[in-house]
Protein chains: 2
Amino acid sequence: MAEQSHNRKKTSEEQQTAGSRRRGDVLENAILTAAWEELAETGYSRLTMEAVAVRAQTNKTAVYRRWPNKAKLIVAALIKHTPTPSLEAPDTGNLREDVLTLLERIIKPLQMIGAETIHGLMVEFHGDELHSKLTLPPRSEDPLAIAMTNILRSAQQRGEVILDELPERMITLPVDLVRFELLTTHVPLTDDAVIEIVDKIFLPLVQKPHKQE
Amino acid sequence: MAEQSHNRKKTSEEQQTAGSRRRGDVLENAILTAAWEELAETGYSRLTMEAVAVRAQTNKTAVYRRWPNKAKLIVAALIKHTPTPSLEAPDTGNLREDVLTLLERIIKPLQMIGAETIHGLMVEFHGDELHSKLTLPPRSEDPLAIAMTNILRSAQQRGEVILDELPERMITLPVDLVRFELLTTHVPLTDDAVIEIVDKIFLPLVQKPHKQE
DNA sequence: TCATTTAAGGTACGGTACGTACCGTACCGT
DNA sequence: ACGGTACGGTACGTACCGTACCTTAAATGA
């Protein structure tokens, strides 16, 4: 009966014995991991649902039972396999360090995901309800904007800045610049670039009237 | 649904008489216009080569003879149907006006094209040779960076700024911010926003050491 | 323990879009 | 008048999508 099953390729850490059958979270994780690996190897646009299923040693049906389309599947895989950056205020006691820390935190996950995937998701979610998850929310609701606001509030208590005078666009400026470069460039964003954004652009703007003189 | 096998729906300006047969540029323009209209109505992701062909009252073959895939076709349609902004230095005799003018010039075409199309093209050109046409070139080659440099050079001659002290990232800052907002937001970029970018962010940075004191 | 329910394995299908091949024919230049 | 070009039109093979359907293993629980 079970003699010579057709395939025994195993890319993930899963082992499939003859009569075994994975269920629930086990299978779900296998699929998400397969999607993550497939994404890394194939890229977003050429990734197919079937390829993910095959890599997870299951079939499309099991995938579609959980996620209705490629975009949702990939989002789930990203959530599972990229570290969600902490957006708590780093609170190093220093505005510059706080901002640099926050930026470093968000750069890593974004780089792991990659520009192509982000663009692909933006296209597929166009008109969708999740559209607003990718296209940025109003700055007042953007978690990163809130994180920056918290950082600046601390800085204000130390007298480093006057938060009330800063337009929202200024608050998210360093974050926006980082996101922009990650989206539109392929060259990796260097530490020097981040430092330049903070030291030459952001800090002079928010500190201008005070520290300066 | 509307039966449209071989009758005379005319969305574009073309009229097809019984025995006539368009060739060369006439047909090419008809296809590009059809693509442009189709893009506006359907959006990038749901646009199909066949729909373009039908709208142009021809068939896929004629389309594929000219452009090997959707992305290249759309790029051609965009080039034909969106005004290529002049990147000559406006030279209003005033840095602020120069920058505002340049920004207004590039905003219009980008808004006409739309974020979804740009994202779609970025995905499809991923790994392609045209990739570097969308993903930004090194700033030193970016036409918009060059335009900004020219503007700033004029300003330097008037003593408004000291160009040599400005890092490249600073030169493209207003342009980058505009591009970023157009890419990641759906709400239209208002004039006020542009003015804020220039007056509250860009000008204070480039003028800081001089005008200020 | 055994019947019932759940969900995985597996196959097959209809549907859409891609890109190509082929053919007949109108148009164009000479 | 003639021959090359390329348009109009159709049909095809491929790829992928998303779903239907059926079988079967595993979980459930009476």
# chains A, B, ... in the order shown; residues from 1 in each chain; ligands from 1

$ calpha_fit_and_write --fixed "chain B" --moving "chain A" --output "PDB file with C-alpha atoms, in the first residue's frame"
ATOM      1  CA  MET A   1     -20.322  39.623 -46.408  1.00  0.00           C
ATOM      2  CA  ALA A   2     -19.823  42.567 -44.127  1.00  0.00           C
ATOM      3  CA  GLU A   3     -23.362  42.432 -42.891  1.00  0.00           C
ATOM      4  CA  GLN A   4     -23.701  42.821 -39.140  1.00  0.00           C
ATOM      5  CA  SER A   5     -20.151  42.842 -37.980  1.00  0.00           C
ATOM      6  CA  HIS A   6     -20.042  41.646 -34.408  1.00  0.00           C
ATOM      7  CA  ASN A   7     -19.189  44.749 -32.491  1.00  0.00           C
ATOM      8  CA  ARG A   8     -19.264  48.458 -32.887  1.00  0.00           C
ATOM      9  CA  LYS A   9     -18.287  49.698 -29.495  1.00  0.00           C
ATOM     10  CA  LYS A  10     -16.119  52.755 -29.653  1.00  0.00           C
ATOM     11  CA  THR A  11     -14.597  54.139 -26.503  1.00  0.00           C
ATOM     12  CA  SER A  12     -11.738  56.048 -28.002  1.00  0.00           C
ATOM     13  CA  GLU A  13     -11.966  58.439 -30.865  1.00  0.00           C
ATOM     14  CA  GLU A  14     -11.369  55.777 -33.457  1.00  0.00           C
ATOM     15  CA  GLN A  15     -13.950  54.826 -35.983  1.00  0.00           C
ATOM     16  CA  GLN A  16     -13.721  51.466 -37.657  1.00  0.00           C
ATOM     17  CA  THR A  17     -15.416  51.180 -41.021  1.00  0.00           C
ATOM     18  CA  ALA A  18     -16.273  47.793 -42.344  1.00  0.00           C
ATOM     19  CA  GLY A  19     -13.331  47.020 -44.579  1.00  0.00           C
ATOM     20  CA  SER A  20     -10.878  49.476 -43.097  1.00  0.00           C
ATOM     21  CA  ARG A  21      -7.740  48.416 -41.350  1.00  0.00           C
ATOM     22  CA  ARG A  22      -5.549  50.634 -39.232  1.00  0.00           C
ATOM     23  CA  ARG A  23      -1.803  50.398 -39.389  1.00  0.00           C
ATOM     24  CA  GLY A  24       1.372  51.786 -37.949  1.00  0.00           C
ATOM     25  CA  ASP A  25       1.062  54.846 -35.798  1.00  0.00           C
ATOM     26  CA  VAL A  26      -2.694  54.999 -36.055  1.00  0.00           C
ATOM     27  CA  LEU A  27      -3.072  51.577 -34.573  1.00  0.00           C
ATOM     28  CA  GLU A  28      -0.286  52.142 -32.134  1.00  0.00           C
ATOM     29  CA  ASN A  29      -1.919  55.250 -30.790  1.00  0.00           C
ATOM     30  CA  ALA A  30      -5.246  53.505 -30.551  1.00  0.00           C
ATOM     31  CA  ILE A  31      -3.655  50.791 -28.444  1.00  0.00           C
ATOM     32  CA  LEU A  32      -1.838  53.223 -26.210  1.00  0.00           C
ATOM     33  CA  THR A  33      -4.964  55.235 -25.677  1.00  0.00           C
ATOM     34  CA  ALA A  34      -6.906  52.096 -24.916  1.00  0.00           C
ATOM     35  CA  ALA A  35      -4.255  51.091 -22.415  1.00  0.00           C
ATOM     36  CA  TRP A  36      -4.399  54.492 -20.794  1.00  0.00           C
ATOM     37  CA  GLU A  37      -8.179  54.378 -20.474  1.00  0.00           C
ATOM     38  CA  GLU A  38      -8.131  50.820 -19.265  1.00  0.00           C
ATOM     39  CA  LEU A  39      -5.564  51.746 -16.672  1.00  0.00           C
ATOM     40  CA  ALA A  40      -7.748  54.542 -15.398  1.00  0.00           C
ATOM     41  CA  GLU A  41     -10.845  52.379 -15.179  1.00  0.00           C
ATOM     42  CA  THR A  42      -9.470  49.043 -14.084  1.00  0.00           C
ATOM     43  CA  GLY A  43      -6.240  49.852 -12.355  1.00  0.00           C
ATOM     44  CA  TYR A  44      -2.888  48.352 -13.055  1.00  0.00           C
ATOM     45  CA  SER A  45      -3.155  44.981 -11.441  1.00  0.00           C
ATOM     46  CA  ARG A  46      -6.447  44.034 -13.055  1.00  0.00           C
ATOM     47  CA  LEU A  47      -5.624  45.377 -16.458  1.00  0.00           C
ATOM     48  CA  THR A  48      -5.152  42.651 -19.039  1.00  0.00           C
ATOM     49  CA  MET A  49      -3.588  42.688 -22.446  1.00  0.00           C
ATOM     50  CA  GLU A  50      -6.728  41.307 -23.974  1.00  0.00           C
ATOM     51  CA  ALA A  51      -8.901  44.006 -22.479  1.00  0.00           C
ATOM     52  CA  VAL A  52      -6.624  46.610 -23.971  1.00  0.00           C
ATOM     53  CA  ALA A  53      -6.782  44.926 -27.348  1.00  0.00           C
ATOM     54  CA  VAL A  54     -10.547  44.711 -27.260  1.00  0.00           C
ATOM     55  CA  ARG A  55     -10.909  48.313 -26.259  1.00  0.00           C
ATOM     56  CA  ALA A  56      -8.646  49.307 -29.107  1.00  0.00           C
ATOM     57  CA  GLN A  57     -10.777  47.129 -31.370  1.00  0.00           C
ATOM     58  CA  THR A  58      -7.947  44.890 -32.325  1.00  0.00           C
ATOM     59  CA  ASN A  59      -6.443  41.772 -30.821  1.00  0.00           C
ATOM     60  CA  LYS A  60      -3.638  40.719 -28.580  1.00  0.00           C
ATOM     61  CA  THR A  61      -1.386  39.885 -31.476  1.00  0.00           C
ATOM     62  CA  ALA A  62      -1.218  43.479 -32.577  1.00  0.00           C
ATOM     63  CA  VAL A  63      -0.340  44.486 -29.037  1.00  0.00           C
ATOM     64  CA  TYR A  64       2.359  41.894 -28.547  1.00  0.00           C
ATOM     65  CA  ARG A  65       3.903  42.807 -31.862  1.00  0.00           C
ATOM     66  CA  ARG A  66       4.795  46.134 -30.278  1.00  0.00           C
ATOM     67  CA  TRP A  67       5.327  45.525 -26.578  1.00  0.00           C
ATOM     68  CA  PRO A  68       6.515  42.269 -25.075  1.00  0.00           C
ATOM     69  CA  ASN A  69       4.561  42.536 -21.852  1.00  0.00           C
ATOM     70  CA  LYS A  70       2.156  44.547 -19.810  1.00  0.00           C
ATOM     71  CA  ALA A  71       4.759  46.601 -18.023  1.00  0.00           C
ATOM     72  CA  LYS A  72       6.374  47.867 -21.187  1.00  0.00           C
ATOM     73  CA  LEU A  73       3.018  48.620 -22.709  1.00  0.00           C
ATOM     74  CA  ILE A  74       1.945  50.643 -19.731  1.00  0.00           C
ATOM     75  CA  VAL A  75       5.179  52.551 -19.637  1.00  0.00           C
ATOM     76  CA  ALA A  76       4.654  53.476 -23.268  1.00  0.00           C
ATOM     77  CA  ALA A  77       1.095  54.529 -22.520  1.00  0.00           C
ATOM     78  CA  LEU A  78       2.259  56.653 -19.625  1.00  0.00           C
ATOM     79  CA  ILE A  79       4.893  58.361 -21.709  1.00  0.00           C
ATOM     80  CA  LYS A  80       2.290  59.160 -24.302  1.00  0.00           C
ATOM     81  CA  HIS A  81      -0.473  60.298 -21.982  1.00  0.00           C
ATOM     82  CA  THR A  82       1.166  62.080 -19.116  1.00  0.00           C
ATOM     83  CA  PRO A  83       2.908  65.372 -19.584  1.00  0.00           C
ATOM     84  CA  THR A  84       6.630  64.936 -19.165  1.00  0.00           C
ATOM     85  CA  PRO A  85       7.505  67.668 -16.729  1.00  0.00           C
ATOM     86  CA  SER A  86      10.040  70.167 -17.855  1.00  0.00           C
ATOM     87  CA  LEU A  87      13.114  69.821 -15.715  1.00  0.00           C
ATOM     88  CA  GLU A  88      14.693  73.030 -16.833  1.00  0.00           C
ATOM     89  CA  ALA A  89      15.512  75.292 -13.970  1.00  0.00           C
ATOM     90  CA  PRO A  90      12.465  77.520 -13.565  1.00  0.00           C
ATOM     91  CA  ASP A  91      14.757  80.427 -12.785  1.00  0.00           C
ATOM     92  CA  THR A  92      12.262  82.684 -11.133  1.00  0.00           C
ATOM     93  CA  GLY A  93      15.123  84.500  -9.533  1.00  0.00           C
ATOM     94  CA  ASN A  94      14.185  83.102  -6.165  1.00  0.00           C
ATOM     95  CA  LEU A  95      15.145  79.794  -4.650  1.00  0.00           C
ATOM     96  CA  ARG A  96      11.843  79.232  -2.918  1.00  0.00           C
ATOM     97  CA  GLU A  97       9.810  79.827  -6.045  1.00  0.00           C
ATOM     98  CA  ASP A  98      12.141  77.734  -8.143  1.00  0.00           C
ATOM     99  CA  VAL A  99      11.744  74.745  -5.867  1.00  0.00           C
ATOM    100  CA  LEU A 100       8.001  75.138  -5.512  1.00  0.00           C
ATOM    101  CA  THR A 101       7.660  75.367  -9.262  1.00  0.00           C
ATOM    102  CA  LEU A 102       9.702  72.258  -9.845  1.00  0.00           C
ATOM    103  CA  LEU A 103       7.752  70.309  -7.273  1.00  0.00           C
ATOM    104  CA  GLU A 104       4.415  71.330  -8.711  1.00  0.00           C
ATOM    105  CA  ARG A 105       5.608  70.211 -12.106  1.00  0.00           C
ATOM    106  CA  ILE A 106       6.485  66.732 -11.000  1.00  0.00           C
ATOM    107  CA  ILE A 107       3.511  66.212  -8.737  1.00  0.00           C
ATOM    108  CA  LYS A 108       0.914  66.397 -11.467  1.00  0.00           C
ATOM    109  CA  PRO A 109       2.282  63.589 -13.653  1.00  0.00           C
ATOM    110  CA  LEU A 110       2.987  61.393 -10.664  1.00  0.00           C
ATOM    111  CA  GLN A 111      -0.543  61.838  -9.408  1.00  0.00           C
ATOM    112  CA  MET A 112      -1.957  61.046 -12.807  1.00  0.00           C
ATOM    113  CA  ILE A 113      -0.001  57.830 -12.929  1.00  0.00           C
ATOM    114  CA  GLY A 114      -0.978  56.838  -9.446  1.00  0.00           C
ATOM    115  CA  ALA A 115       0.736  54.913  -6.722  1.00  0.00           C
ATOM    116  CA  GLU A 116      -0.696  51.533  -7.639  1.00  0.00           C
ATOM    117  CA  THR A 117       0.725  51.689 -11.128  1.00  0.00           C
ATOM    118  CA  ILE A 118       4.133  52.724  -9.893  1.00  0.00           C
ATOM    119  CA  HIS A 119       4.208  49.907  -7.385  1.00  0.00           C
ATOM    120  CA  GLY A 120       3.022  47.467  -9.985  1.00  0.00           C
ATOM    121  CA  LEU A 121       5.705  48.497 -12.410  1.00  0.00           C
ATOM    122  CA  MET A 122       8.332  48.236  -9.728  1.00  0.00           C
ATOM    123  CA  VAL A 123       7.349  44.675  -9.036  1.00  0.00           C
ATOM    124  CA  GLU A 124       7.213  43.649 -12.659  1.00  0.00           C
ATOM    125  CA  PHE A 125      10.506  45.242 -13.496  1.00  0.00           C
ATOM    126  CA  HIS A 126      12.238  43.628 -10.580  1.00  0.00           C
ATOM    127  CA  GLY A 127      15.392  42.068 -11.941  1.00  0.00           C
ATOM    128  CA  ASP A 128      14.685  43.539 -15.331  1.00  0.00           C
ATOM    129  CA  GLU A 129      16.961  45.931 -17.149  1.00  0.00           C
ATOM    130  CA  LEU A 130      14.377  48.649 -16.754  1.00  0.00           C
ATOM    131  CA  HIS A 131      14.482  48.176 -13.032  1.00  0.00           C
ATOM    132  CA  SER A 132      16.849  51.089 -12.735  1.00  0.00           C
ATOM    133  CA  LYS A 133      14.368  53.323 -14.518  1.00  0.00           C
ATOM    134  CA  LEU A 134      12.014  53.113 -11.592  1.00  0.00           C
ATOM    135  CA  THR A 135      14.152  52.308  -8.677  1.00  0.00           C
ATOM    136  CA  LEU A 136      16.000  55.531  -8.488  1.00  0.00           C
ATOM    137  CA  PRO A 137      19.335  55.889 -10.211  1.00  0.00           C
ATOM    138  CA  PRO A 138      22.303  57.038  -8.198  1.00  0.00           C
ATOM    139  CA  ARG A 139      21.512  60.552  -7.158  1.00  0.00           C
ATOM    140  CA  SER A 140      24.231  61.933  -9.359  1.00  0.00           C
ATOM    141  CA  GLU A 141      22.357  60.694 -12.444  1.00  0.00           C
ATOM    142  CA  ASP A 142      18.817  61.298 -11.328  1.00  0.00           C
ATOM    143  CA  PRO A 143      17.392  63.957 -13.656  1.00  0.00           C
ATOM    144  CA  LEU A 144      15.499  65.478 -10.806  1.00  0.00           C
ATOM    145  CA  ALA A 145      18.637  65.674  -8.738  1.00  0.00           C
ATOM    146  CA  ILE A 146      20.301  67.441 -11.625  1.00  0.00           C
ATOM    147  CA  ALA A 147      17.400  69.840 -11.893  1.00  0.00           C
ATOM    148  CA  MET A 148      17.637  70.607  -8.221  1.00  0.00           C
ATOM    149  CA  THR A 149      21.359  71.089  -8.521  1.00  0.00           C
ATOM    150  CA  ASN A 150      20.829  73.623 -11.271  1.00  0.00           C
ATOM    151  CA  ILE A 151      18.309  75.467  -9.181  1.00  0.00           C
ATOM    152  CA  LEU A 152      20.719  75.546  -6.292  1.00  0.00           C
ATOM    153  CA  ARG A 153      23.539  76.680  -8.485  1.00  0.00           C
ATOM    154  CA  SER A 154      21.528  79.696  -9.484  1.00  0.00           C
ATOM    155  CA  ALA A 155      20.726  80.324  -5.867  1.00  0.00           C
ATOM    156  CA  GLN A 156      24.382  80.115  -5.047  1.00  0.00           C
ATOM    157  CA  GLN A 157      25.186  82.792  -7.591  1.00  0.00           C
ATOM    158  CA  ARG A 158      22.707  85.009  -5.840  1.00  0.00           C
ATOM    159  CA  GLY A 159      24.363  84.153  -2.560  1.00  0.00           C
ATOM    160  CA  GLU A 160      21.351  82.344  -1.195  1.00  0.00           C
ATOM    161  CA  VAL A 161      23.140  79.096  -0.459  1.00  0.00           C
ATOM    162  CA  ILE A 162      26.538  77.485  -0.553  1.00  0.00           C
ATOM    163  CA  LEU A 163      26.065  74.492  -2.759  1.00  0.00           C
ATOM    164  CA  ASP A 164      29.359  72.815  -2.019  1.00  0.00           C
ATOM    165  CA  GLU A 165      28.425  72.241   1.553  1.00  0.00           C
ATOM    166  CA  LEU A 166      25.258  70.370   0.748  1.00  0.00           C
ATOM    167  CA  PRO A 167      25.298  66.593   0.645  1.00  0.00           C
ATOM    168  CA  GLU A 168      23.480  65.020  -2.267  1.00  0.00           C
ATOM    169  CA  ARG A 169      20.767  63.741  -0.015  1.00  0.00           C
ATOM    170  CA  MET A 170      19.971  67.290   0.958  1.00  0.00           C
ATOM    171  CA  ILE A 171      19.708  68.404  -2.632  1.00  0.00           C
ATOM    172  CA  THR A 172      17.015  65.886  -3.437  1.00  0.00           C
ATOM    173  CA  LEU A 173      15.305  66.203  -0.101  1.00  0.00           C
ATOM    174  CA  PRO A 174      12.171  68.060  -1.209  1.00  0.00           C
ATOM    175  CA  VAL A 175      11.770  65.896  -4.268  1.00  0.00           C
ATOM    176  CA  ASP A 176      12.234  62.745  -2.246  1.00  0.00           C
ATOM    177  CA  LEU A 177       9.685  63.806   0.318  1.00  0.00           C
ATOM    178  CA  VAL A 178       7.138  64.532  -2.347  1.00  0.00           C
ATOM    179  CA  ARG A 179       7.764  61.239  -4.048  1.00  0.00           C
ATOM    180  CA  PHE A 180       7.529  59.417  -0.767  1.00  0.00           C
ATOM    181  CA  GLU A 181       4.172  60.896   0.096  1.00  0.00           C
ATOM    182  CA  LEU A 182       2.786  60.179  -3.326  1.00  0.00           C
ATOM    183  CA  LEU A 183       3.941  56.590  -3.089  1.00  0.00           C
ATOM    184  CA  THR A 184       2.790  55.742   0.383  1.00  0.00           C
ATOM    185  CA  THR A 185      -0.333  57.791   0.913  1.00  0.00           C
ATOM    186  CA  HIS A 186      -3.614  57.799  -0.894  1.00  0.00           C
ATOM    187  CA  VAL A 187      -4.728  61.224   0.208  1.00  0.00           C
ATOM    188  CA  PRO A 188      -3.797  63.817  -2.363  1.00  0.00           C
ATOM    189  CA  LEU A 189      -0.741  65.879  -1.648  1.00  0.00           C
ATOM    190  CA  THR A 190      -1.984  69.367  -0.889  1.00  0.00           C
ATOM    191  CA  ASP A 191      -0.312  72.613  -1.774  1.00  0.00           C
ATOM    192  CA  ASP A 192       0.034  73.325   1.901  1.00  0.00           C
ATOM    193  CA  ALA A 193       2.018  70.160   2.362  1.00  0.00           C
ATOM    194  CA  VAL A 194       4.376  71.111  -0.425  1.00  0.00           C
ATOM    195  CA  ILE A 195       4.829  74.559   1.035  1.00  0.00           C
ATOM    196  CA  GLU A 196       5.540  73.055   4.404  1.00  0.00           C
ATOM    197  CA  ILE A 197       8.182  70.802   2.926  1.00  0.00           C
ATOM    198  CA  VAL A 198       9.884  73.727   1.305  1.00  0.00           C
ATOM    199  CA  ASP A 199       9.501  76.381   3.975  1.00  0.00           C
ATOM    200  CA  LYS A 200       9.833  74.370   7.138  1.00  0.00           C
ATOM    201  CA  ILE A 201      12.247  71.705   6.032  1.00  0.00           C
ATOM    202  CA  PHE A 202      14.228  72.421   2.915  1.00  0.00           C
ATOM    203  CA  LEU A 203      14.887  76.143   3.030  1.00  0.00           C
ATOM    204  CA  PRO A 204      15.903  76.274   6.682  1.00  0.00           C
ATOM    205  CA  LEU A 205      18.452  73.570   5.986  1.00  0.00           C
ATOM    206  CA  VAL A 206      20.095  75.002   2.926  1.00  0.00           C
ATOM    207  CA  GLN A 207      19.944  78.598   4.057  1.00  0.00           C
ATOM    208  CA  LYS A 208      20.825  77.996   7.662  1.00  0.00           C
ATOM    209  CA  PRO A 209      24.243  79.439   8.104  1.00  0.00           C
ATOM    210  CA  HIS A 210      23.684  82.487   5.897  1.00  0.00           C
ATOM    211  CA  LYS A 211      20.258  84.063   5.502  1.00  0.00           C
ATOM    212  CA  GLN A 212      19.619  83.340   9.125  1.00  0.00           C
ATOM    213  CA  GLU A 213      22.013  85.863  10.497  1.00  0.00           C
TER     214      GLU A 213
END

$ interface_residues --of "chain C" --to "chain A" --cutoff "12 Å" --atoms "only C-alpha atoms (C1' of nucleotides)" --output "count of residues only"
6

$ interface_residues --of "chain D" --to "chain B" --cutoff "10 Å" --atoms "only C-alpha atoms (C1' of nucleotides)" --output "list in words"
DA6, DC7, DG8 and DG9 of chain D

$ atom_distance --atom1 "C1' of DT10 in chain D" --atom2 "C1' of DC13 in chain C"
24.8 Å

$ select_by_dssp --residues "range 37-196 of chain B" --states "alpha helix (DSSP H)" --output "ChimeraX atom specification"
/B:37-42,49-55,60-64,70-81,95-113,115-124,131-134,143-157,168-171,173-184,191-196

$ residues_around --residues "DC2 in chain C" --least-positions-apart "4" --cutoff "12 Å" --atoms "only C-alpha atoms (C1' of nucleotides)" --output "PyMOL selection string"
chain D and resi 28-30

$ write_last_selection --atoms "C-alpha atoms (C1' of nucleotides)" --output "PDB file, in the first residue's frame"
ATOM      1  C1'  DT D  28     -13.700  14.330  19.628  1.00  0.00           C
ATOM      2  C1'  DG D  29     -16.915  12.686  22.923  1.00  0.00           C
ATOM      3  C1'  DA D  30     -20.767   9.744  24.373  1.00  0.00           C
TER       4       DA D  30
END
